[in-house]
>>> print(open('upload_16.csv').read())   # CSV, C-alpha atoms
chain,number,residue,atom,x,y,z
A,257,MET,CA,38.3,41.5,97.9
A,258,LYS,CA,40.1,44.8,98.0
A,259,ALA,CA,43.5,45.1,96.4
A,260,LEU,CA,46.2,44.0,98.7
A,261,PRO,CA,48.9,46.5,99.4
A,262,PHE,CA,52.3,46.1,97.8
A,263,ILE,CA,54.6,44.0,100.0
A,264,ILE,CA,57.6,46.1,100.8
A,265,THR,CA,60.4,44.9,103.0
A,266,ILE,CA,62.4,47.4,105.0
A,267,LEU,CA,66.2,47.1,104.4
A,268,ILE,CA,68.2,46.3,107.4
A,269,SER,CA,71.8,45.3,108.1
A,270,PHE,CA,72.8,41.9,109.2
A,271,SER,CA,76.0,40.3,110.5
A,272,SER,CA,76.1,37.2,108.3
A,273,PRO,CA,79.1,37.5,105.9
A,274,ALA,CA,77.3,35.4,103.2
A,275,GLN,CA,75.4,37.1,100.4
A,276,THR,CA,73.1,35.9,97.7
A,277,THR,CA,74.2,36.2,94.1
A,278,LYS,CA,71.9,38.2,91.7
A,279,GLU,CA,70.7,35.0,90.1
A,280,GLU,CA,70.0,33.3,93.4
A,281,ARG,CA,68.2,36.3,94.8
A,282,GLU,CA,66.0,36.5,91.8
A,283,PHE,CA,65.3,32.8,92.0
A,284,ILE,CA,64.2,32.9,95.6
A,285,LEU,CA,62.1,36.1,95.2
A,286,SER,CA,60.3,34.8,92.2
A,287,TYR,CA,59.0,32.0,94.4
A,288,TYR,CA,58.2,34.5,97.1
A,289,ILE,CA,56.2,36.7,94.7
A,290,SER,CA,54.3,33.6,93.4
A,291,ASP,CA,53.5,32.5,97.0
A,292,ILE,CA,52.7,35.8,98.7
A,293,GLY,CA,51.6,37.8,95.7
A,294,VAL,CA,51.9,41.6,95.5
A,295,CYS,CA,48.2,42.5,94.9
A,296,SER,CA,44.8,41.0,94.3
A,297,SER,CA,42.4,41.9,91.5
A,298,CYS,CA,44.9,44.4,90.2
A,299,SER,CA,46.0,45.3,86.7
A,300,LYS,CA,49.0,43.8,85.0
A,301,GLU,CA,50.9,47.1,85.4
A,302,SER,CA,50.2,47.2,89.1
A,303,PHE,CA,51.3,43.6,89.5
A,304,LEU,CA,54.6,44.2,87.6
A,305,HIS,CA,55.2,47.4,89.7
A,306,GLY,CA,54.6,45.5,92.9
A,307,ALA,CA,56.9,42.7,91.8
A,308,ASP,CA,59.6,45.2,90.9
A,309,VAL,CA,59.3,46.7,94.4
A,310,VAL,CA,59.8,43.3,95.9
A,311,PHE,CA,62.9,42.7,93.8
A,312,GLN,CA,64.3,46.1,94.6
A,313,THR,CA,63.7,46.3,98.3
A,314,SER,CA,63.4,42.8,99.8
A,315,VAL,CA,66.1,41.5,102.1
A,316,ILE,CA,67.3,37.9,102.1
A,317,GLU,CA,69.5,36.8,104.9
A,318,ILE,CA,71.7,33.9,104.1
A,319,SER,CA,73.9,31.7,106.3
A,320,PRO,CA,77.4,30.5,105.2
A,321,LYS,CA,77.4,27.1,103.6
A,322,TYR,CA,77.8,24.4,106.2
A,323,THR,CA,79.3,20.9,105.7
A,324,LEU,CA,77.6,18.6,108.2
A,325,ASN,CA,77.3,14.9,108.5
A,326,ARG,CA,74.4,12.5,108.9
A,327,LYS,CA,74.2,8.8,109.8
A,328,ALA,CA,75.2,6.5,106.9
A,329,MET,CA,72.5,4.3,105.4
A,330,LYS,CA,73.1,0.6,105.0
A,331,ASN,CA,74.3,0.7,101.5
A,332,GLU,CA,76.7,3.6,102.4
A,333,GLU,CA,78.5,1.9,105.3
A,334,TYR,CA,81.2,0.7,103.0
A,335,ILE,CA,82.1,4.4,102.6
A,336,SER,CA,81.9,5.6,106.2
A,337,ASP,CA,79.8,5.5,109.3
A,338,SER,CA,78.6,9.1,108.5
A,339,ILE,CA,78.1,11.0,105.3
A,340,ASP,CA,78.8,14.6,104.7
A,341,TYR,CA,76.3,17.0,103.1
A,342,ASN,CA,76.0,20.8,102.6
A,343,ILE,CA,73.3,23.1,103.8
A,344,GLN,CA,72.5,26.8,103.7
A,345,PHE,CA,69.7,28.6,105.5
A,346,TYR,CA,67.8,31.5,104.0
A,347,LYS,CA,65.3,34.0,105.5
A,348,ILE,CA,63.3,36.4,103.5
A,349,GLN,CA,62.8,39.3,105.9
A,350,GLY,CA,59.2,40.2,106.7
A,351,ASP,CA,57.6,43.6,107.2
A,352,ASN,CA,54.5,45.1,108.8
A,353,TRP,CA,52.2,42.9,106.6
A,354,VAL,CA,54.1,39.6,106.1
A,355,GLY,CA,56.3,37.6,108.5
A,356,ASP,CA,59.6,36.0,107.7
A,357,LEU,CA,59.7,33.1,105.2
A,358,ASN,CA,62.4,30.4,105.5
A,359,VAL,CA,64.0,28.1,103.0
A,360,ILE,CA,67.0,25.8,103.0
A,361,HIS,CA,69.2,24.4,100.3
A,362,ILE,CA,70.5,20.9,100.8
A,363,VAL,CA,73.2,19.2,98.7
A,364,ASP,CA,73.8,15.5,99.6
A,365,GLU,CA,75.6,14.3,96.5
A,366,LEU,CA,78.0,11.5,97.6
A,367,SER,CA,75.6,8.6,97.1
A,368,ARG,CA,72.2,10.1,97.1
A,369,ASP,CA,72.5,12.8,94.3
A,370,ILE,CA,70.2,15.1,96.3
A,371,ASP,CA,70.2,18.8,95.5
A,372,VAL,CA,66.9,20.4,96.7
A,373,TRP,CA,65.5,23.7,97.9
A,374,ILE,CA,63.1,23.1,100.8
A,375,ARG,CA,60.4,25.5,102.0
A,376,VAL,CA,60.5,25.3,105.8
A,377,LYS,CA,58.3,28.0,107.3
A,378,GLY,CA,55.8,30.6,106.2
A,379,TRP,CA,55.0,29.3,102.7
A,380,ARG,CA,51.7,28.1,101.3
A,381,GLU,CA,53.4,24.7,100.8
A,382,ASN,CA,55.8,23.1,103.2
A,383,ASP,CA,58.4,20.7,101.9
A,384,MET,CA,59.7,19.2,105.1
A,385,ARG,CA,57.5,16.1,104.9
A,386,PHE,CA,58.7,15.6,101.3
A,387,LEU,CA,62.3,15.8,102.7
A,388,TYR,CA,61.5,13.2,105.4
A,389,LEU,CA,59.9,10.8,102.9
A,390,MET,CA,62.7,11.3,100.4
A,391,TYR,CA,65.3,10.3,103.0
A,392,LYS,CA,63.1,7.5,104.3
A,393,LYS,CA,62.7,6.0,100.8
A,394,ASN,CA,66.5,6.2,100.4
A,395,GLY,CA,66.9,4.2,103.7
A,396,LEU,CA,67.6,6.8,106.4
A,397,LYS,CA,66.0,5.7,109.7
A,398,LYS,CA,63.4,7.8,111.3
A,399,ARG,CA,65.5,8.6,114.4
A,400,ASP,CA,68.5,9.5,112.2
A,401,PHE,CA,66.5,11.9,110.1
A,402,LYS,CA,65.1,13.5,113.3
A,403,HIS,CA,68.6,13.8,114.7
A,404,MET,CA,69.9,15.4,111.5
A,405,VAL,CA,67.1,18.1,111.4
A,406,LEU,CA,67.3,18.9,115.1
A,407,SER,CA,71.1,19.4,114.8
A,408,TRP,CA,70.5,22.4,112.5
A,409,GLY,CA,69.1,24.6,115.2
A,410,SER,CA,72.5,25.0,117.0
A,411,ILE,CA,74.8,25.9,114.1
A,412,ASP,CA,73.5,29.3,112.8
A,413,SER,CA,71.6,32.4,113.8
A,414,ILE,CA,69.0,32.0,111.1
A,415,ALA,CA,68.5,28.3,111.9
A,416,ARG,CA,68.1,29.1,115.6
A,417,GLU,CA,65.0,31.1,114.8
A,418,ILE,CA,63.2,28.1,113.4
A,419,PRO,CA,61.3,25.7,115.7
A,420,TRP,CA,62.8,22.5,114.2
A,421,ASP,CA,61.4,20.3,116.9
A,422,LYS,CA,57.8,21.2,116.1
A,423,ILE,CA,58.5,21.2,112.3
A,424,VAL,CA,60.1,17.8,112.3
A,425,LYS,CA,57.4,16.3,114.5
A,426,GLY,CA,54.7,17.6,112.1
A,427,ALA,CA,56.5,16.4,109.0
A,428,MET,CA,57.1,12.9,110.4
A,429,SER,CA,53.5,12.5,111.6
A,430,ASN,CA,52.0,14.3,108.6
A,431,LYS,CA,50.2,16.7,110.9
A,432,MET,CA,50.1,20.5,110.9
A,433,GLU,CA,48.9,21.3,114.4
A,434,ASP,CA,51.4,24.0,115.4
A,435,ASP,CA,51.4,27.7,114.5
A,436,CYS,CA,54.8,27.3,113.0
A,437,PHE,CA,52.9,25.9,109.9
A,438,ILE,CA,50.8,29.0,109.4
A,439,SER,CA,51.1,30.4,105.9
A,440,GLU,CA,52.1,34.1,105.8
A,441,HIS,CA,50.0,34.5,102.6
A,442,TYR,CA,46.9,33.1,104.3
A,443,LYS,CA,47.6,35.2,107.4
A,444,LEU,CA,47.9,38.3,105.3
A,445,LEU,CA,44.6,37.6,103.6
A,446,ASP,CA,42.9,36.9,106.9
A,447,SER,CA,44.1,40.2,108.3
A,448,LEU,CA,42.4,42.0,105.4
A,449,ARG,CA,39.2,39.9,105.7
A,450,TYR,CA,39.1,40.6,109.4
A,451,ARG,CA,39.4,44.3,108.6
A,452,ASP,CA,36.3,44.0,106.4
A,453,GLY,CA,34.4,42.2,109.2
A,454,LEU,CA,35.1,38.6,108.0
A,455,LYS,CA,37.1,35.9,109.6
A,456,THR,CA,39.0,32.9,108.2
A,457,PRO,CA,38.6,29.6,110.0
A,458,THR,CA,41.9,28.8,111.8
A,459,ARG,CA,42.3,25.6,109.9
A,460,ASP,CA,42.5,27.5,106.6
A,461,LEU,CA,45.5,29.5,107.7
A,462,TYR,CA,47.9,26.5,107.6
A,463,SER,CA,50.2,25.5,104.9
A,464,VAL,CA,49.9,22.1,103.2
A,465,PHE,CA,52.6,19.5,102.8
A,466,SER,CA,53.9,19.4,99.3
A,467,ARG,CA,54.4,16.5,96.9
A,468,GLN,CA,57.4,18.1,95.3
A,469,PRO,CA,60.1,20.4,96.7
A,470,MET,CA,60.3,24.1,96.0
A,471,ASN,CA,63.1,23.2,93.4
A,472,GLY,CA,65.8,20.6,92.9
A,473,MET,CA,66.8,17.1,92.0
A,474,TRP,CA,66.9,13.8,93.9
A,475,VAL,CA,67.3,10.1,93.2
A,476,GLU,CA,65.3,7.4,95.0
A,477,PHE,CA,67.1,4.0,95.6
>>> encode(input="upload_16.csv", output="structure tokens")
Amino acid sequence: MKALPFIITILISFSSPAQTTKEEREFILSYYISDIGVCSSCSKESFLHGADVVFQTSVIEISPKYTLNRKAMKNEEYISDSIDYNIQFYKIQGDNWVGDLNVIHIVDELSRDIDVWIRVKGWRENDMRFLYLMYKKNGLKKRDFKHMVLSWGSIDSIAREIPWDKIVKGAMSNKMEDDCFISEHYKLLDSLRYRDGLKTPTRDLYSVFSRQPMNGMWVEF
């Protein structure tokens, strides 16, 4: 395969007042570089240069931190009918070669001790089924998980860009049948293969559901 071009994201301005810290930005982009890559069959120097370009030029949009509430599980009802949790939405801006990649950070500490980073869209692995199974094992009913996820689409401009209805349906049914599950990495490789007269089967463009989240901690009860 020919060397992939360096992935360079064009800087743009955005209205969200929230900004990532240096450590948080490096954390997210390190996963991005690992997932997308910066070149194929290239030297160590070329890879490091490409990674540096990503760190220097990539734009991450971030929402404010929202405090929302979900339905209380049976063993939480002594606390309240609903439980607060925090969530932030992130988008790594795409470019001419790669589309946007989305990730969320959920902190649900009161009784669940959950603090996880979840890959939502565009990655080679998708963590939404993991999130569903994690809450299910902890006692959250299917309808309440669905209501929780679907509520995200109305609270923030980044969240509104994500097809939560299709993603939650796929995660709960363990099926990836919608284009929202296509991996940007595989789509990029396919565009280069197509240029060389080859074509990737459509089924090979999709992400897979992960067994572990992108990052974080959780406790099962």
>>> atom_distance(input="upload_16.csv", atom1="atom CA of Ile284 of chain A", atom2="atom CA of Pro469 of chain A")
13.2 Å
>>> residues_around(input="upload_16.csv", residues="Ile423 of chain A", least_positions_apart="5", cutoff="8 Å", atoms="all atoms listed in the file", output="number ranges by chain")
A: 376, 384, 436-437
>>> residues_around(input="upload_16.csv", residues="Ala415 of chain A", least_positions_apart="6", cutoff="7 Å", atoms="only C-alpha atoms", output="PyMOL selection string")
chain A and resi 345+408-409
>>> write_last_selection(input="upload_16.csv", atoms="C-alpha atoms", output="PDB file, in the frame of the given file")
ATOM      1  CA  PHE A 345      69.700  28.600 105.500  1.00  0.00           C
ATOM      2  CA  TRP A 408      70.500  22.400 112.500  1.00  0.00           C
ATOM      3  CA  GLY A 409      69.100  24.600 115.200  1.00  0.00           C
TER       4      GLY A 409
END
>>> atom_distance(input="upload_16.csv", atom1="atom CA of Ile348 of chain A", atom2="atom CA of Leu304 of chain A")
19.7 Å
>>> closest_residue(input="upload_16.csv", among="A:Met329, A:Val310, A:Pro320, A:Tyr346", to="Asp400 of chain A", atoms="only C-alpha atoms")
A:Met329
>>> residues_around(input="upload_16.csv", residues="Asn358 of chain A", least_positions_apart="2", cutoff="12 Å", atoms="all atoms listed in the file", output="ChimeraX atom specification")
/A:284-285,287-288,316-319,344-350,355-356,360-361,373-384,414-420,436-437,439-440,470
>>> closest_residue(input="upload_16.csv", among="A:Leu461, A:Ile343, A:Val405, A:Leu389", to="Asp435 of chain A", atoms="all atoms listed in the file")
A:Leu461
>>> closest_residue(input="upload_16.csv", among="A:Leu387, A:Leu396, A:Ile411, A:Cys298", to="Met428 of chain A", atoms="only C-alpha atoms")
A:Leu387
>>> atom_distance(input="upload_16.csv", atom1="atom CA of Phe401 of chain A", atom2="atom CA of Tyr388 of chain A")
7.0 Å
>>> residues_around(input="upload_16.csv", residues="segment 362-369 of chain A", least_positions_apart="3", cutoff="9 Å", atoms="all atoms listed in the file", output="list of chain:residue names")
A:Glu332, A:Ile339, A:Asp340, A:Tyr341, A:Asn342, A:Ile343, A:Gln344, A:Val372, A:Trp373, A:Ile374, A:Asn394, A:Met473, A:Trp474, A:Val475, A:Glu476, A:Phe477
>>> closest_residue(input="upload_16.csv", among="A:Ile370, A:Leu324, A:Met390, A:Met432", to="Val464 of chain A", atoms="only C-alpha atoms")
A:Met432
>>> closest_residue(input="upload_16.csv", among="A:Asp460, A:Met404, A:Lys300, A:Lys431", to="Leu445 of chain A", atoms="only C-alpha atoms")
A:Asp460
>>> decode(input="upload_16.csv", residues="segment 329-346 of chain A", atoms="N, CA and C atoms", output="tab-separated table (two decimals), in the first residue's frame")
chain	number	residue	atom	x	y	z
A	329	MET	N	-31.76	3.54	39.78
A	329	MET	CA	-31.91	2.10	39.82
A	329	MET	C	-32.49	1.70	41.17
A	330	LYS	N	-32.89	0.44	41.27
A	330	LYS	CA	-33.62	-0.01	42.45
A	330	LYS	C	-32.87	0.27	43.74
A	331	ASN	N	-31.56	-0.01	43.75
A	331	ASN	CA	-30.80	0.17	44.98
A	331	ASN	C	-30.36	1.62	45.19
A	332	GLU	N	-30.83	2.53	44.31
A	332	GLU	CA	-30.55	3.96	44.49
A	332	GLU	C	-31.78	4.75	44.91
A	333	GLU	N	-32.93	4.10	44.93
A	333	GLU	CA	-34.19	4.82	45.16
A	333	GLU	C	-34.28	5.42	46.56
A	334	TYR	N	-33.44	4.91	47.49
A	334	TYR	CA	-33.42	5.51	48.82
A	334	TYR	C	-32.77	6.90	48.79
A	335	ILE	N	-32.00	7.16	47.72
A	335	ILE	CA	-31.35	8.46	47.56
A	335	ILE	C	-32.30	9.45	46.90
A	336	SER	N	-32.85	9.04	45.74
A	336	SER	CA	-33.73	9.92	44.97
A	336	SER	C	-34.35	9.11	43.85
A	337	ASP	N	-35.37	9.68	43.21
A	337	ASP	CA	-35.97	9.04	42.03
A	337	ASP	C	-35.07	9.16	40.81
A	338	SER	N	-34.19	10.16	40.83
A	338	SER	CA	-33.26	10.36	39.72
A	338	SER	C	-31.87	10.66	40.27
A	339	ILE	N	-30.87	10.30	39.49
A	339	ILE	CA	-29.47	10.43	39.90
A	339	ILE	C	-28.74	11.36	38.94
A	340	ASP	N	-28.00	12.32	39.47
A	340	ASP	CA	-27.23	13.24	38.64
A	340	ASP	C	-25.95	12.58	38.13
A	341	TYR	N	-25.55	12.96	36.93
A	341	TYR	CA	-24.26	12.56	36.39
A	341	TYR	C	-23.75	13.69	35.51
A	342	ASN	N	-22.46	13.70	35.21
A	342	ASN	CA	-21.85	14.74	34.37
A	342	ASN	C	-21.43	14.16	33.03
A	343	ILE	N	-21.56	14.98	31.98
A	343	ILE	CA	-21.16	14.54	30.65
A	343	ILE	C	-20.59	15.71	29.86
A	344	GLN	N	-19.59	15.43	29.06
A	344	GLN	CA	-19.04	16.39	28.09
A	344	GLN	C	-18.92	15.71	26.74
A	345	PHE	N	-19.11	16.50	25.69
A	345	PHE	CA	-19.07	16.01	24.32
A	345	PHE	C	-17.84	16.59	23.61
A	346	TYR	N	-17.13	15.75	22.88
A	346	TYR	CA	-15.92	16.16	22.18
A	346	TYR	C	-16.04	15.78	20.70
